[in-house]
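Trainee: Okay, handing you the structure first.
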Amino acid sequence: MTNKTLGQCNTSNRAVLNWVDQWTKVFQPEKVYWCDGSAAEKEALTAEAVAREILVELNQQKLPGCYYHRSHPSDVARIEDRTFICTEAQEDAGPTNNWRLPREMRRTLIGLCQGAMAGRTLYVVPYLMGPPGSALAKVGIELTDSIYVVLSMRVMTRMGQIAYEQLGNDDDFNRGMHTMLDLNPEHRYIAHFPQRNEIISTSSNYGGNVLLGKKCFALRIGSWLARQEGWLAEHMLILGVESPQGEKTYVAAAFPSACGKTNFAMMVPPARFRGWKVWTVGDDIAWMKPGPDGQLYAINPEAGYFGVVPGTNSKSNPNALATIQRDTLYTNVALTPDLDVWWEGKDGDPPKECFDWLGRKWTPESKEKAAHPNSRFAAPMVNNPVLAPEANDPQGVPISAIIFGGRRSDTMPLVFQAFNWINGIYIGATMGSETTAAAAGAVGQIRRDPMAMLPFCGYNMGDYFRHWISIRKAMKHPPRIFHVNWFRKDVDGKFLWPGFGENMRVLQWILDRCRGRANGNETPLGWVPDNTQMDLEGLDGYTPERLAKVQAIKHDEWVRELHLQDELFMKLHGTLPKELIFERELLASRF
Ligand code: OXD
Ligand code: MN
């Protein structure tokens with residue numbers, strides 16, 4: 001049922017009505033607008049956003065349905081030191097999260113939210129995470145005063161009436177309260193209350209902080225719920241590989257933010273792999289649960305991609321490029337005089353002149369970048385030419401392999417396979433990566449990012465590893481676990497592996513290992529392929545020696561690595577499962 005009158009209340013769920021009523025009294029908006037997710041609503045809200053100069057209509061000949069947004073200059077990335085997990089006991093949040101006592105945080109936030117929407121509209125945004133009818137799908141409702149959030153949520157989730165339909169009369173939904181407030185960084189809080197399934201986000205309008213279905217619900221609150229309910233909420237892409245014979249295999253992969261997850265999820269196999277296809281199920285988040293047949297099943301809870309724009313081109317990710325030609329919201333890229341968008345790393349020459357992400361005139365001689373390094377697209381997944389039809393399957397897809405990876409210029413080989421589940425958890429738990437622009441802070445330092453979940457795990461990391469260990473019991477056929485590193489460099493600072501589509505070669509070895517069709521050689525880290533086991537044919541100038549370099553396991557680098565890994569373990573010592581301490585001992589003794 002879609003309401004004819006836009007903006008009018010469109011649910012009779014008492015829990016929803018009471019909660020909206022309660023927060024309307026706090027926010028004191030000029031009006032309340034109930035979203036239904038219809039096309040007419042999208043049209044009306046987009047026109048309003050353009051009239052209010054929140055969005056710029058892009059050149060509709062070139063980019064039909066596309067709009068442009070510039071954020072406040074201080075509000076361009078997730079902000080981890082203002083992100084909080086508020087649990088009654090501090091140890092439930094653990095040493096890797098910022099913790100606050102729920103009642104104290106609520107007091108602060110309700111103070112800030114009081115009257116925050118005076119003169120503004122409060123939008124009620126119901127949304128569904130996951131395919132309709134899926135046992136893994138969950139409902140959230142976000143209250144927001146940002147029309148940009150409403151339009152982005154419409155892209156990123158199954159937004160509208162469908163969520164009320166899934167919810168029925170239940171009161172089991174995530175409650176999200178967002179106000180842009182004054183965008184003052186000192187008033188910025190991204191606060192999670194996992195015990196209440198609630199999120200309050202203030203004074204930001206950046207996607208990762210305010211599209212509450214994504215990092216806040218699907219990962220931080222999701223991981224908390226997953227532990228209680230016996231499943232996994234992970235910062236992972238999901239892809240399917242189809243062989244020329246039509247055999248499909250699915251893998252999930254965790255890389256830290258801005259390490260090429262979207263590129264990997266939409267990969268185009270190289271010419272050597274004629275007849276092979278890679279299908280995208282998801283590019284950022286996986287909800288996974290052991291099924292009755294003992295396999296691990298995954299759904300993508302999202303319905304769109306919120307990707308980093310710079311570096312997207314016909315070589316790095318032709319499918320993303322095709323995806324963002326229509327119905328896409330661009331944020332903080334550069335704007336050309338003919339209302340096209342530009343970014344560093346786009347195909348072709350830079351424009352002679354354009355406006356940078358701050359709205360200043362920019363020419364190729366300018367010293368600063370035209371697009372912010374964390375500028376983003378929000379694009380519907382249906383635009384993806386290689387969208388897996390299974391992305392809408394309520395059952396999800398069975399996962400054969402889990403891949404962990406990071407951005408490492410040294411130490412980490414291109415690929416290796418863990419000896420077993422617990423060893424694989426150790427590999428995921430000790431993942432390290434050079435920092436990127438997706439979060440505020442210094443770029444290029446190694447930070448430990450267990451399973452790429454450090455900024456997203458909504459509870460104690462030690463308990464999180466324990467949950468991973470215990471879920472093994474529910475699986476007769478657990479996925480095999482691998483580690484990859486596309487970013488290793490030689491002494492001259494050149495990448496040792498071509499990456500992009502050529503990663504298909506690594507993926508094929510992984511799939512063959514899962515199906516028991518490929519050999520590997522045993523090393524102290526795990527199983528690795530040599531040039532007889534990994535297909536290098538047609539890879540220009542790529543000799544077995546070069547493969548040996550990218551696969552090298554160097555003793556001195558590993559002595560340092562073991563020390564660095566220890567830093568995180570020290571931080572977590574109170575709750576670290578003993579299985580992981582044994583794994584560390586075993587690894588050290590193998591060296
Ligand atoms: C993202 C992130 O936006 O990980 O996906 O930061
Ligand atoms: Mn991410």
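Residue numbers start at 1 in each chain; chains themselves are named A, B, ... in the order of the structure tokens; ligands are numbered from 1 in the order shown.
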Return as a VMD selection string the residues of protein, DNA or RNA that approach ligand 1 to within 7 Å, with only C-alpha atoms and all ligand atoms taken into account.

Mentor: chain A and resid 78 208 256 to 258 284 306 to 307 438 to 439

Trainee: Write the residues of the selection above to a file with N, CA, C and O atoms, as a compact mmCIF listing (two decimals), in the first residue's frame.

Mentor:
# COMPACT_ATOMS: atom_id res chain seq x y z
N ARG A 78 34.13 9.23 8.02
CA ARG A 78 33.70 8.72 9.32
C ARG A 78 34.62 9.29 10.39
O ARG A 78 35.79 9.53 10.15
N GLY A 208 28.85 7.70 6.07
CA GLY A 208 29.22 6.67 7.05
C GLY A 208 28.74 6.98 8.45
O GLY A 208 28.59 6.09 9.29
N PRO A 256 40.02 -3.63 4.75
CA PRO A 256 39.71 -2.35 5.40
C PRO A 256 39.17 -1.34 4.40
O PRO A 256 39.30 -1.54 3.19
N SER A 257 38.57 -0.27 4.90
CA SER A 257 37.97 0.75 4.05
C SER A 257 38.97 1.25 3.00
O SER A 257 40.14 1.43 3.30
N ALA A 258 38.44 1.49 1.80
CA ALA A 258 39.23 2.07 0.70
C ALA A 258 40.43 1.21 0.30
O ALA A 258 41.49 1.71 -0.02
N ASP A 284 30.14 -4.36 0.40
CA ASP A 284 30.65 -3.79 1.67
C ASP A 284 30.28 -4.59 2.91
O ASP A 284 31.07 -4.66 3.83
N PHE A 306 27.98 2.65 -1.79
CA PHE A 306 28.47 3.96 -1.35
C PHE A 306 29.99 3.88 -1.51
O PHE A 306 30.69 3.53 -0.57
N GLY A 307 30.46 4.17 -2.72
CA GLY A 307 31.86 3.87 -3.03
C GLY A 307 32.73 5.12 -3.11
O GLY A 307 32.24 6.23 -3.34
N ALA A 438 39.39 6.99 4.16
CA ALA A 438 37.98 6.72 4.49
C ALA A 438 37.63 7.14 5.91
O ALA A 438 36.47 7.32 6.25
N ALA A 439 38.65 7.25 6.77
CA ALA A 439 38.40 7.75 8.12
C ALA A 439 39.31 8.95 8.32
O ALA A 439 40.40 9.03 7.74

Trainee: Using only C-alpha atoms and all ligand atoms, which residues of chain A come within 12 Å of ligand 2, and what is the closest atom pair for each, with the distance in Å to one decimal? Give it as a Markdown table, sorted by chain and residue number.

Mentor:
| residue | atom | partner | partner_atom_place_in_ligand_line | distance |
| --- | --- | --- | --- | --- |
| A:Ala77 | CA | ligand 2 | 1 (Mn) | 11.6 |
| A:Arg78 | CA | ligand 2 | 1 (Mn) | 10.3 |
| A:Gly207 | CA | ligand 2 | 1 (Mn) | 10.9 |
| A:Gly208 | CA | ligand 2 | 1 (Mn) | 8.4 |
| A:Asn209 | CA | ligand 2 | 1 (Mn) | 11.8 |
| A:Lys214 | CA | ligand 2 | 1 (Mn) | 8.7 |
| A:Lys215 | CA | ligand 2 | 1 (Mn) | 7.5 |
| A:Cys216 | CA | ligand 2 | 1 (Mn) | 11.2 |
| A:Ala218 | CA | ligand 2 | 1 (Mn) | 10.9 |
| A:Leu219 | CA | ligand 2 | 1 (Mn) | 9.6 |
| A:Glu234 | CA | ligand 2 | 1 (Mn) | 9.8 |
| A:His235 | CA | ligand 2 | 1 (Mn) | 6.2 |
| A:Met236 | CA | ligand 2 | 1 (Mn) | 7.9 |
| A:Leu237 | CA | ligand 2 | 1 (Mn) | 8.9 |
| A:Ala253 | CA | ligand 2 | 1 (Mn) | 11.4 |
| A:Ala254 | CA | ligand 2 | 1 (Mn) | 9.1 |
| A:Phe255 | CA | ligand 2 | 1 (Mn) | 8.2 |
| A:Pro256 | CA | ligand 2 | 1 (Mn) | 7.0 |
| A:Ser257 | CA | ligand 2 | 1 (Mn) | 4.9 |
| A:Ala258 | CA | ligand 2 | 1 (Mn) | 7.3 |
| A:Cys259 | CA | ligand 2 | 1 (Mn) | 9.3 |
| A:Gly260 | CA | ligand 2 | 1 (Mn) | 9.9 |
| A:Lys261 | CA | ligand 2 | 1 (Mn) | 8.0 |
| A:Thr262 | CA | ligand 2 | 1 (Mn) | 9.1 |
| A:Gly282 | CA | ligand 2 | 1 (Mn) | 11.0 |
| A:Asp283 | CA | ligand 2 | 1 (Mn) | 8.2 |
| A:Asp284 | CA | ligand 2 | 1 (Mn) | 5.1 |
| A:Ile285 | CA | ligand 2 | 1 (Mn) | 7.2 |
| A:Ala286 | CA | ligand 2 | 1 (Mn) | 10.7 |
| A:Glu302 | CA | ligand 2 | 1 (Mn) | 11.8 |
| A:Tyr305 | CA | ligand 2 | 1 (Mn) | 9.9 |
| A:Phe306 | CA | ligand 2 | 1 (Mn) | 8.4 |
| A:Gly307 | CA | ligand 2 | 1 (Mn) | 8.4 |
| A:Val308 | CA | ligand 2 | 1 (Mn) | 9.8 |
| A:Asn374 | CA | ligand 2 | 1 (Mn) | 11.9 |
| A:Arg376 | CA | ligand 2 | 1 (Mn) | 11.8 |
| A:Thr436 | CA | ligand 2 | 1 (Mn) | 11.7 |
| A:Ala437 | CA | ligand 2 | 1 (Mn) | 11.9 |
| A:Ala438 | CA | ligand 2 | 1 (Mn) | 8.4 |
| A:Ala439 | CA | ligand 2 | 1 (Mn) | 10.3 |
| A:Met451 | CA | ligand 2 | 1 (Mn) | 11.7 |
| A:Ala452 | CA | ligand 2 | 1 (Mn) | 8.5 |
| A:Met453 | CA | ligand 2 | 1 (Mn) | 9.2 |
| A:Leu454 | CA | ligand 2 | 1 (Mn) | 11.3 |
| A:Pro455 | CA | ligand 2 | 1 (Mn) | 9.7 |
| A:Phe456 | CA | ligand 2 | 1 (Mn) | 9.0 |

Trainee: Could you jot down the atom CA of A:Leu564 to atom CA of A:Ile85 separation for me, Å, one decimal place?

Mentor: 26.1 Å

Trainee: When you look at A:Leu539 with a cut-off of 9 Å (counting only C-alpha atoms), what residues show up, excluding the ones that are within fewer than 6 positions of it in the same chain? I need them as a list in words.

Mentor: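 Near neighbours after the sequence-gap exclusion: Arg272, Pro498 and Glu502 of chain A.
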
Trainee: I want to know what sits within 12 Å of stretch 486-497 of chain A, based on only C-alpha atoms, with residues of the same chain fewer than 3 positions away left out; could you give that as a PyMOL selection string?

Mentor: chain A and resi 255+259-261+263-264+404-415+433-434+483+500-507+536+539-543+545-553

Trainee: Kindly export the residues of the current selection with N, CA and C atoms, as a CSV table (one decimal), in the first residue's frame.

Mentor:
chain,number,residue,atom,x,y,z
A,255,PHE,N,38.2,-6.5,3.5
A,255,PHE,CA,39.4,-5.6,3.4
A,255,PHE,C,39.0,-4.3,4.1
A,259,CYS,N,40.3,-0.1,0.4
A,259,CYS,CA,41.3,-1.0,-0.1
A,259,CYS,C,40.9,-1.8,-1.3
A,260,GLY,N,39.9,-1.3,-2.0
A,260,GLY,CA,39.5,-1.9,-3.3
A,260,GLY,C,38.4,-3.0,-3.2
A,261,LYS,N,37.6,-3.0,-2.1
A,261,LYS,CA,36.5,-4.0,-2.0
A,261,LYS,C,35.5,-3.9,-3.2
A,263,ASN,N,36.0,-2.6,-6.1
A,263,ASN,CA,36.7,-3.1,-7.4
A,263,ASN,C,36.7,-4.6,-7.4
A,264,PHE,N,37.0,-5.3,-6.3
A,264,PHE,CA,37.1,-6.7,-6.3
A,264,PHE,C,35.7,-7.3,-6.6
A,404,PHE,N,40.6,-12.6,3.7
A,404,PHE,CA,41.0,-11.4,4.4
A,404,PHE,C,42.1,-10.8,3.7
A,405,GLY,N,42.2,-9.5,3.7
A,405,GLY,CA,43.3,-8.8,3.0
A,405,GLY,C,43.5,-7.4,3.6
A,406,GLY,N,44.7,-6.9,3.3
A,406,GLY,CA,45.0,-5.5,3.7
A,406,GLY,C,45.9,-4.9,2.7
A,407,ARG,N,46.2,-3.6,2.9
A,407,ARG,CA,47.1,-2.9,2.0
A,407,ARG,C,48.5,-2.9,2.7
A,408,ARG,N,49.4,-3.7,2.2
A,408,ARG,CA,50.7,-3.9,2.8
A,408,ARG,C,51.8,-3.8,1.7
A,409,SER,N,52.7,-2.8,1.9
A,409,SER,CA,53.8,-2.7,0.8
A,409,SER,C,54.8,-3.8,1.0
A,410,ASP,N,54.8,-4.5,2.2
A,410,ASP,CA,55.8,-5.5,2.4
A,410,ASP,C,55.2,-6.6,3.2
A,411,THR,N,56.0,-7.6,3.6
A,411,THR,CA,55.6,-8.6,4.6
A,411,THR,C,54.6,-9.7,4.1
A,412,MET,N,53.5,-9.2,3.6
A,412,MET,CA,52.4,-10.1,3.3
A,412,MET,C,52.4,-10.6,1.8
A,413,PRO,N,52.5,-11.9,1.7
A,413,PRO,CA,52.5,-12.4,0.3
A,413,PRO,C,51.2,-12.1,-0.4
A,414,LEU,N,51.2,-12.4,-1.7
A,414,LEU,CA,50.0,-12.1,-2.5
A,414,LEU,C,48.8,-13.0,-2.0
A,415,VAL,N,49.1,-14.2,-1.8
A,415,VAL,CA,48.0,-15.1,-1.3
A,415,VAL,C,48.5,-16.3,-0.5
A,433,SER,N,46.8,-3.0,8.0
A,433,SER,CA,46.7,-2.3,6.7
A,433,SER,C,47.2,-0.9,6.9
A,434,GLU,N,47.7,-0.4,5.8
A,434,GLU,CA,48.1,1.1,5.8
A,434,GLU,C,46.8,1.9,5.8
A,483,HIS,N,44.2,-15.4,2.9
A,483,HIS,CA,44.7,-14.0,3.1
A,483,HIS,C,45.3,-13.5,1.7
A,500,PHE,N,43.7,-5.6,-10.0
A,500,PHE,CA,42.5,-5.4,-10.8
A,500,PHE,C,42.0,-6.7,-11.3
A,501,GLY,N,41.7,-6.8,-12.6
A,501,GLY,CA,41.1,-8.0,-13.2
A,501,GLY,C,42.1,-9.2,-13.0
A,502,GLU,N,43.4,-9.0,-13.0
A,502,GLU,CA,44.3,-10.1,-12.9
A,502,GLU,C,44.1,-10.8,-11.5
A,503,ASN,N,43.5,-10.2,-10.6
A,503,ASN,CA,43.2,-10.8,-9.3
A,503,ASN,C,42.4,-12.1,-9.5
A,504,MET,N,41.8,-12.2,-10.7
A,504,MET,CA,41.0,-13.4,-11.0
A,504,MET,C,41.9,-14.7,-10.9
A,505,ARG,N,43.2,-14.5,-11.2
A,505,ARG,CA,44.1,-15.6,-11.2
A,505,ARG,C,44.2,-16.2,-9.7
A,506,VAL,N,44.3,-15.2,-8.8
A,506,VAL,CA,44.4,-15.6,-7.4
A,506,VAL,C,43.0,-16.2,-7.0
A,507,LEU,N,42.0,-15.6,-7.4
A,507,LEU,CA,40.6,-16.1,-7.1
A,507,LEU,C,40.4,-17.5,-7.6
A,536,LEU,N,49.5,-18.2,-14.8
A,536,LEU,CA,50.2,-16.9,-15.1
A,536,LEU,C,50.1,-16.7,-16.6
A,539,LEU,N,49.9,-13.2,-18.8
A,539,LEU,CA,50.2,-12.1,-17.9
A,539,LEU,C,51.6,-11.5,-18.4
A,540,ASP,N,51.5,-10.5,-19.1
A,540,ASP,CA,52.7,-9.9,-19.8
A,540,ASP,C,53.9,-9.8,-18.9
A,541,GLY,N,55.0,-10.4,-19.3
A,541,GLY,CA,56.3,-10.3,-18.6
A,541,GLY,C,56.3,-10.8,-17.2
A,542,TYR,N,55.2,-11.6,-16.8
A,542,TYR,CA,55.2,-12.0,-15.4
A,542,TYR,C,55.9,-13.4,-15.3
A,543,THR,N,57.1,-13.4,-14.8
A,543,THR,CA,57.9,-14.6,-14.7
A,543,THR,C,57.7,-15.3,-13.4
A,545,GLU,N,59.9,-15.9,-11.3
A,545,GLU,CA,60.7,-15.2,-10.4
A,545,GLU,C,59.9,-14.0,-9.7
A,546,ARG,N,59.1,-13.4,-10.6
A,546,ARG,CA,58.3,-12.2,-10.1
A,546,ARG,C,57.2,-12.8,-9.1
A,547,LEU,N,56.7,-13.9,-9.4
A,547,LEU,CA,55.7,-14.5,-8.5
A,547,LEU,C,56.4,-14.9,-7.2
A,548,ALA,N,57.6,-15.4,-7.3
A,548,ALA,CA,58.3,-15.8,-6.1
A,548,ALA,C,58.5,-14.5,-5.2
A,549,LYS,N,58.8,-13.3,-5.9
A,549,LYS,CA,59.0,-12.1,-5.1
A,549,LYS,C,57.7,-11.7,-4.4
A,550,VAL,N,56.6,-11.7,-5.1
A,550,VAL,CA,55.4,-11.3,-4.5
A,550,VAL,C,54.9,-12.3,-3.4
A,551,GLN,N,55.4,-13.5,-3.5
A,551,GLN,CA,55.0,-14.5,-2.6
A,551,GLN,C,56.0,-14.7,-1.4
A,552,ALA,N,57.1,-14.0,-1.5
A,552,ALA,CA,58.2,-14.2,-0.6
A,552,ALA,C,57.8,-14.0,0.9
A,553,ILE,N,58.2,-15.0,1.7
A,553,ILE,CA,58.0,-14.9,3.2
A,553,ILE,C,59.3,-14.6,3.8

Trainee: Name the closest residue to A:Asn460 among the candidates A:Ile324, A:Leu572, A:Val50, A:Leu63; distances are taken between atoms, counting only C-alpha atoms.

Mentor: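 Counting only C-alpha atoms, the residue closest to A:Asn460 is A:Leu572.
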
Trainee: Out of A:Tyr164, A:Phe273, A:Phe27, A:Tyr67, which residue has the shortest atom-to-atom distance to A:Thr179 when counting only C-alpha atoms?

Mentor: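 For A:Thr179, the nearest of the candidates is A:Phe27.
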
Trainee: Can you tell me which residues surround A:Ser74 at a distance of at most 12 Å, considering only C-alpha atoms, apart from same-chain residues fewer than 3 positions away, and format the answer as a list of chain:residue names?

Mentor: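 The residues that qualify are A:Arg70, A:Ser71, A:Ala77, A:Arg78, A:Ile79, A:Asp182, A:Leu183, A:Asn184, A:Pro185, A:Glu186, A:Arg188, A:Ser203, A:Ser204, A:Asn205, A:Tyr206, A:Asn332, A:Leu358, A:His372, A:Ala440.
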
Trainee: Produce a file of the selected residues containing C-alpha atoms, as a PDB file, in the first residue's frame.

Mentor:
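File produced: out_11.pdb:
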ATOM      1  CA  ARG A  70      29.001  19.208  -1.456  1.00  0.00           C
ATOM      2  CA  SER A  71      29.411  18.495   2.226  1.00  0.00           C
ATOM      3  CA  ALA A  77      34.677  11.018   6.493  1.00  0.00           C
ATOM      4  CA  ARG A  78      33.696   8.719   9.322  1.00  0.00           C
ATOM      5  CA  ILE A  79      34.892  10.133  12.563  1.00  0.00           C
ATOM      6  CA  ASP A 182      24.795  22.857  13.254  1.00  0.00           C
ATOM      7  CA  LEU A 183      27.421  20.494  11.727  1.00  0.00           C
ATOM      8  CA  ASN A 184      29.805  21.729  14.397  1.00  0.00           C
ATOM      9  CA  PRO A 185      32.401  18.931  14.904  1.00  0.00           C
ATOM     10  CA  GLU A 186      32.224  19.502  18.656  1.00  0.00           C
ATOM     11  CA  ARG A 188      29.266  15.436  16.529  1.00  0.00           C
ATOM     12  CA  SER A 203      25.987  17.201  13.789  1.00  0.00           C
ATOM     13  CA  SER A 204      27.198  15.315  10.722  1.00  0.00           C
ATOM     14  CA  ASN A 205      25.823  14.706   7.263  1.00  0.00           C
ATOM     15  CA  TYR A 206      28.570  12.338   5.993  1.00  0.00           C
ATOM     16  CA  ASN A 332      32.534  16.024  -2.964  1.00  0.00           C
ATOM     17  CA  LEU A 358      35.019  23.112  -2.027  1.00  0.00           C
ATOM     18  CA  HIS A 372      38.186  15.000  -2.093  1.00  0.00           C
ATOM     19  CA  ALA A 440      39.662  11.066   9.453  1.00  0.00           C
TER      20      ALA A 440
END

Trainee: Write out as a VMD selection string which residues come within 10 Å of A:Glu353 when counting only C-alpha atoms, dropping same-chain ones fewer than 5 positions away.

Mentor: chain A and resid 335 to 337 361 to 366

Trainee: Near A:Met180, counting only C-alpha atoms, which residues have an atom at most 12 Å away, once you skip same-chain residues fewer than 5 positions from it, shown as a count of residues only?

Mentor: 35
